[in-house]
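Peer 1: Have a peek at target_29.csv (CSV, C-alpha atoms).
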```csv
chain,number,residue,atom,x,y,z
A,111,MET,CA,110.0,104.8,118.9
A,112,GLU,CA,109.6,101.6,116.7
A,113,LYS,CA,108.4,99.6,119.7
A,114,ILE,CA,106.2,102.3,121.0
A,115,ILE,CA,104.4,102.7,117.7
A,116,ALA,CA,104.3,98.9,117.3
A,117,LYS,CA,102.5,98.6,120.7
A,118,ASP,CA,100.2,101.4,119.7
A,119,LEU,CA,99.1,99.8,116.4
A,120,LEU,CA,98.6,96.4,118.1
A,121,LYS,CA,96.6,97.9,121.0
A,122,ILE,CA,94.0,99.5,118.7
A,123,LYS,CA,94.1,96.6,116.2
A,124,ALA,CA,95.4,98.9,113.4
A,125,VAL,CA,97.7,95.9,112.9
A,126,PHE,CA,96.0,92.6,113.6
A,127,PHE,CA,97.8,89.2,113.3
A,128,ARG,CA,95.7,86.1,112.6
A,129,PRO,CA,98.2,83.4,111.3
A,130,GLU,CA,95.8,80.6,112.2
A,131,GLU,CA,93.0,82.0,110.1
A,132,PRO,CA,94.5,84.1,107.3
A,133,PHE,CA,92.9,87.1,105.6
A,134,THR,CA,92.5,87.1,101.9
A,135,TRP,CA,93.7,90.1,100.0
A,136,ALA,CA,91.9,91.4,96.9
A,137,SER,CA,94.7,89.8,94.8
A,138,GLY,CA,93.8,86.4,96.3
A,139,ILE,CA,96.9,86.2,98.5
A,140,LYS,CA,96.5,84.7,101.9
A,141,SER,CA,97.9,87.0,104.6
A,142,PRO,CA,98.4,86.4,108.3
A,143,VAL,CA,98.2,90.2,108.9
A,144,TYR,CA,95.6,92.9,108.5
A,145,CYS,CA,96.6,96.6,108.6
A,146,ASP,CA,94.3,99.6,108.8
A,147,ASN,CA,96.2,102.7,110.0
A,148,ARG,CA,93.1,104.8,109.6
A,149,LEU,CA,92.2,103.5,113.0
A,150,THR,CA,95.0,105.7,114.5
A,151,LEU,CA,92.9,108.8,113.6
A,152,THR,CA,90.1,107.7,116.0
A,153,ALA,CA,92.5,106.9,118.9
A,154,PRO,CA,93.8,110.3,120.1
A,155,GLU,CA,96.7,108.9,122.2
A,156,VAL,CA,98.0,106.7,119.4
A,157,ARG,CA,97.4,109.5,116.9
A,158,ASN,CA,99.5,111.8,119.0
A,159,ASP,CA,102.4,109.3,119.0
A,160,VAL,CA,102.1,108.8,115.2
A,161,GLU,CA,101.9,112.4,114.2
A,162,ASN,CA,104.7,113.5,116.5
A,163,GLY,CA,106.7,110.6,115.2
A,164,LEU,CA,106.2,111.6,111.6
A,165,ALA,CA,107.1,115.2,112.5
A,166,GLU,CA,110.3,113.9,114.1
A,167,ILE,CA,111.1,111.9,110.9
A,168,VAL,CA,110.7,115.0,108.8
A,169,LYS,CA,112.9,117.1,111.1
A,170,LYS,CA,115.6,114.5,111.5
A,171,HIS,CA,115.8,113.0,108.0
A,172,TYR,CA,114.5,115.7,105.7
A,173,PRO,CA,115.4,119.0,107.4
A,174,GLU,CA,115.3,120.9,104.0
A,175,CYS,CA,111.6,120.0,103.5
A,176,GLU,CA,109.3,122.8,102.4
A,177,VAL,CA,106.0,121.1,101.7
A,178,LEU,CA,104.3,117.9,102.9
A,179,MET,CA,102.2,115.9,100.4
A,180,GLY,CA,99.9,113.2,101.5
A,181,THR,CA,98.9,110.1,99.5
A,182,SER,CA,95.3,109.8,98.6
A,183,THR,CA,93.4,109.0,100.7
A,184,ALA,CA,95.1,107.4,103.7
A,185,GLY,CA,98.0,109.8,103.9
A,186,ILE,CA,96.0,113.1,103.7
A,187,ALA,CA,95.0,113.4,107.4
A,188,HIS,CA,98.4,112.4,108.6
A,189,ALA,CA,100.0,115.0,106.3
A,190,ALA,CA,97.6,117.6,107.5
A,191,ILE,CA,98.3,117.0,111.2
A,192,THR,CA,102.0,116.6,110.8
A,193,GLY,CA,102.0,119.8,108.8
A,194,HIS,CA,100.2,121.6,111.6
A,195,ILE,CA,102.7,120.3,114.2
A,196,LEU,CA,105.6,121.6,112.0
A,197,GLY,CA,103.9,124.8,110.8
A,198,MET,CA,104.5,123.6,107.3
A,199,PRO,CA,102.4,123.8,104.1
A,200,MET,CA,100.7,120.5,103.0
A,201,GLY,CA,98.7,119.2,100.1
A,202,TYR,CA,97.9,115.8,98.6
A,203,VAL,CA,98.1,113.9,95.4
A,204,ARG,CA,95.0,112.3,93.9
A,205,SER,CA,95.1,108.8,92.4
A,206,GLY,CA,94.1,110.4,89.1
A,207,ALA,CA,93.4,113.9,87.8
A,208,LYS,CA,89.9,115.4,88.4
A,209,ASP,CA,87.6,115.3,85.4
A,210,HIS,CA,86.2,118.7,86.2
A,211,GLY,CA,87.2,122.2,87.4
A,212,ARG,CA,90.9,122.7,87.0
A,213,GLN,CA,91.5,119.0,86.6
A,214,ASN,CA,94.1,119.0,89.3
A,215,GLN,CA,95.9,115.8,90.4
A,216,ILE,CA,98.0,117.7,93.0
A,217,GLU,CA,95.8,119.6,95.5
A,218,GLY,CA,97.4,122.5,97.3
A,219,LYS,CA,100.0,125.0,96.2
A,220,LEU,CA,103.2,123.5,94.9
A,221,GLU,CA,105.9,125.4,93.1
A,222,LYS,CA,108.6,124.0,90.8
A,223,GLY,CA,111.8,123.3,92.7
A,224,GLN,CA,110.1,123.0,96.1
A,225,LYS,CA,111.5,120.3,98.4
A,226,VAL,CA,108.7,117.8,99.2
A,227,VAL,CA,108.3,114.9,101.6
A,228,VAL,CA,105.5,112.4,100.9
A,229,ILE,CA,103.4,111.2,103.9
A,230,GLU,CA,102.2,107.6,103.6
A,231,ASP,CA,100.4,105.4,106.0
A,232,LEU,CA,101.5,102.0,104.8
A,233,ILE,CA,104.1,100.6,102.3
A,234,SER,CA,103.8,97.0,101.0
A,235,THR,CA,104.8,96.6,97.4
A,236,GLY,CA,105.4,100.4,97.0
A,237,GLY,CA,103.5,100.8,93.8
A,238,SER,CA,101.0,103.5,94.9
A,239,VAL,CA,103.5,105.7,96.7
A,240,ILE,CA,105.9,105.6,93.8
A,241,GLU,CA,103.2,106.8,91.5
A,242,VAL,CA,102.7,109.8,93.8
A,243,VAL,CA,106.5,110.5,93.8
A,244,ASN,CA,106.4,110.4,90.0
A,245,VAL,CA,103.5,112.8,89.8
A,246,LEU,CA,105.3,115.3,92.0
A,247,ARG,CA,108.6,115.0,90.1
A,248,GLU,CA,106.7,115.6,86.8
A,249,ALA,CA,105.3,118.7,88.4
A,250,GLY,CA,108.8,120.0,89.1
A,251,ALA,CA,109.1,119.2,92.8
A,252,GLU,CA,112.2,117.8,94.4
A,253,VAL,CA,111.0,114.8,96.3
A,254,LEU,CA,113.4,114.3,99.3
A,255,GLY,CA,111.7,111.1,100.3
A,256,ILE,CA,108.8,109.4,102.1
A,257,ALA,CA,107.8,109.4,105.8
A,258,SER,CA,105.5,106.5,106.6
A,259,ILE,CA,103.9,104.9,109.6
A,260,PHE,CA,104.5,101.2,108.8
A,261,THR,CA,106.3,99.2,106.2
A,262,TYR,CA,106.2,95.5,105.5
A,263,GLY,CA,109.8,95.4,104.1
A,264,MET,CA,108.7,93.2,101.2
A,265,LYS,CA,111.5,92.7,98.6
A,266,LYS,CA,109.3,93.9,95.8
A,267,GLY,CA,108.6,97.2,97.7
A,268,LEU,CA,112.3,97.7,98.6
A,269,ASP,CA,113.4,97.0,95.0
A,270,ARG,CA,110.8,99.5,93.7
A,271,LEU,CA,111.9,102.2,96.1
A,272,ALA,CA,115.5,101.7,95.1
A,273,GLU,CA,114.7,101.7,91.4
A,274,ALA,CA,112.8,104.9,91.8
A,275,ASN,CA,115.7,106.4,93.8
A,276,VAL,CA,113.4,107.4,96.7
A,277,LYS,CA,114.2,107.1,100.4
A,278,ASN,CA,111.6,105.9,102.9
A,279,VAL,CA,111.7,106.2,106.7
A,280,SER,CA,109.0,104.4,108.7
A,281,LEU,CA,108.0,104.7,112.3
A,282,THR,CA,107.9,101.0,112.6
A,283,ASN,CA,108.2,97.8,110.5
A,284,PHE,CA,106.9,94.3,110.1
A,285,ASP,CA,109.8,92.6,112.0
A,286,VAL,CA,109.5,94.9,115.0
A,287,ILE,CA,105.7,94.5,115.2
A,288,ALA,CA,105.9,90.7,114.9
A,289,GLN,CA,108.4,90.5,117.8
A,290,VAL,CA,106.4,92.9,119.9
A,291,ALA,CA,103.2,91.0,119.2
A,292,ALA,CA,104.9,87.8,120.5
A,293,ASP,CA,106.3,89.6,123.5
A,294,GLU,CA,102.9,91.1,124.4
A,295,GLY,CA,101.0,87.8,123.9
A,296,TYR,CA,99.1,88.7,120.7
A,297,ILE,CA,100.6,85.7,118.9
A,298,LYS,CA,102.7,82.7,119.9
A,299,PRO,CA,106.5,83.0,119.6
A,300,GLU,CA,106.6,80.2,117.0
A,301,ASP,CA,104.2,82.3,114.8
A,302,ILE,CA,107.0,84.8,114.1
A,303,GLN,CA,108.7,82.4,111.7
A,304,LYS,CA,105.4,82.1,109.8
A,305,LEU,CA,105.0,85.8,109.6
A,306,ILE,CA,108.5,86.4,108.3
A,307,ALA,CA,108.1,83.6,105.7
A,308,PHE,CA,104.9,85.3,104.5
A,309,ARG,CA,106.7,88.7,104.3
A,310,ASN,CA,109.6,87.3,102.4
A,311,ASN,CA,107.4,85.6,99.8
A,312,PRO,CA,103.7,86.5,100.0
A,313,SER,CA,102.8,84.3,97.0
A,314,ASP,CA,104.2,81.2,98.7
A,315,GLU,CA,101.5,79.9,101.0
A,316,SER,CA,103.6,77.1,102.5
A,317,TRP,CA,103.9,79.2,105.7
A,318,ILE,CA,100.2,78.4,106.5
A,319,LYS,CA,101.0,74.7,107.0
A,320,GLY,CA,104.5,75.4,108.3
```
Represent the supplied structure as structure tokens.
Peer 2:
Amino acid sequence: MEKIIAKDLLKIKAVFFRPEEPFTWASGIKSPVYCDNRLTLTAPEVRNDVENGLAEIVKKHYPECEVLMGTSTAGIAHAAITGHILGMPMGYVRSGAKDHGRQNQIEGKLEKGQKVVVIEDLISTGGSVIEVVNVLREAGAEVLGIASIFTYGMKKGLDRLAEANVKNVSLTNFDVIAQVAADEGYIKPEDIQKLIAFRNNPSDESWIKG
């Protein structure tokens, strides 16, 4: 499954490697990889693999799940489709409470004590998804964990997840995609070392010359 999803994401350029001409993140960090999993929604075959894969994660790793909650905004569609496959209720968590109406931050019905799985598209440093987990916990939900499409496996993200005591299961990860990209000719085999060096310490730009 990890390799199938990796090939899917590379094929539609949802994950795009450019080590020779790095992208610049909003934080100013130079990155050899660009990730936009929203592109999976406009590629039906890939979308089918992704949503069925997320459904399998929920069934296998979180069999007690009662409600799916998507992260805003990227996780909403994935939570909705996965919920449809599983015949399960879904909702989503806003980045902040609305300033009108009922001022909801959690959209959809959620009762105290319900067992929830958070659906996320991408985990890098883990900050945004942990905020969602905290909002759900404060509302009285029991968060079983996260099901995500792709994770970088950055130390900061792994440490944050561990500190928040939240489990994450991803369809694929940075190491697998880097290896598949080399195998499929998207990058040169010697680029893998650069990519892993970036992943291990994004603030250290020595990988660019290396």
Peer 1: Name the closest residue to Leu271 (chain A) among the candidates A:Glu241, A:Asp146, A:Asp118, A:Glu315; distances are taken between atoms, counting all atoms listed in the file.
Peer 2: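 The closest residue to Leu271 (chain A) is A:Glu241.
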Peer 1: Have a look at A:Ser234, A:Asn244, A:Ser182, A:Ser313 and name the one nearest to Tyr144 (chain A); count all atoms listed in the file.
Peer 2: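 Checking each of A:Ser234, A:Asn244, A:Ser182, A:Ser313 against Tyr144 (chain A), counting all atoms listed in the file, the winner is A:Ser234.
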Peer 1: Could you check how far CA of Ile167 (chain A) sits from CA of Ile302 (chain A), in Å to one decimal?
Peer 2: 27.6 Å
Peer 1: Point out the residue among A:Gly295, A:Gly263, A:Gly197, A:Gly180 with the least atom-to-atom distance to Asn311 (chain A), counting only C-alpha atoms.
Peer 2: A:Gly263
Peer 1: If I take CA of Phe126 (chain A) and CA of Thr152 (chain A), how far is one from the other in Å, to one decimal?
Peer 2: 16.4 Å
Peer 1: If we count only C-alpha atoms and set the cut-off at 12 Å, which residues sit around Leu268 (chain A), ignoring sequence neighbours fewer than 5 positions away in its own chain? Please answer as a ChimeraX atom specification.
Peer 2: /A:233-237,240,261-263,273-279,310
Peer 1: With all atoms listed in the file as the basis for distance, which of A:Thr192, A:Asn147, A:Ser141, A:Thr134 is at the shortest distance from Ala307 (chain A)?
Peer 2: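 Of A:Thr192, A:Asn147, A:Ser141, A:Thr134, the one nearest Ala307 (chain A) is A:Ser141, counting all atoms listed in the file.
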Peer 1: For CA of Val203 (chain A) and CA of Ile216 (chain A), quote the distance in Å rounded to one decimal.
Peer 2: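 Computing the Euclidean distance for CA of Val203 (chain A) and CA of Ile216 (chain A) yields 4.5 Å.
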Peer 1: Go through A:Lys140, A:Glu217, A:Arg148, A:Leu232 and flag the residue nearest Gly267 (chain A), using all atoms listed in the file for the distances.
Peer 2: A:Leu232
Peer 1: Which residues come within 9 Å of Met198 (chain A), counting all atoms listed in the file, excluding same-chain residues fewer than 3 positions away, as a PyMOL selection string?
Peer 2: chain A and resi 175-178+192-195
Peer 1: Between A:Leu305, A:Ile259, A:Val228, A:Ala116, which residue has the minimum interatomic distance to Val245 (chain A), considering only C-alpha atoms?
Peer 2: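 So, comparing all the options, the nearest one is A:Val228.
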Peer 1: With a cut-off of 9 Å, could you pull out the residues of region 237-277 of chain A touching region 168-172 of chain A and give me the nearest pair of atoms for each, distance in Å to one decimal, using all atoms listed in the file, ordered by chain and ascending number, as JSON lines?
Peer 2:
```
{"residue": "A:Leu254", "atom": "CA", "partner": "A:Tyr172", "partner_atom": "CA", "distance": 6.6}
{"residue": "A:Gly255", "atom": "CA", "partner": "A:Tyr172", "partner_atom": "CA", "distance": 7.6}
{"residue": "A:Ile256", "atom": "CA", "partner": "A:Val168", "partner_atom": "CA", "distance": 8.9}
{"residue": "A:Ala257", "atom": "CA", "partner": "A:Val168", "partner_atom": "CA", "distance": 7.0}
```
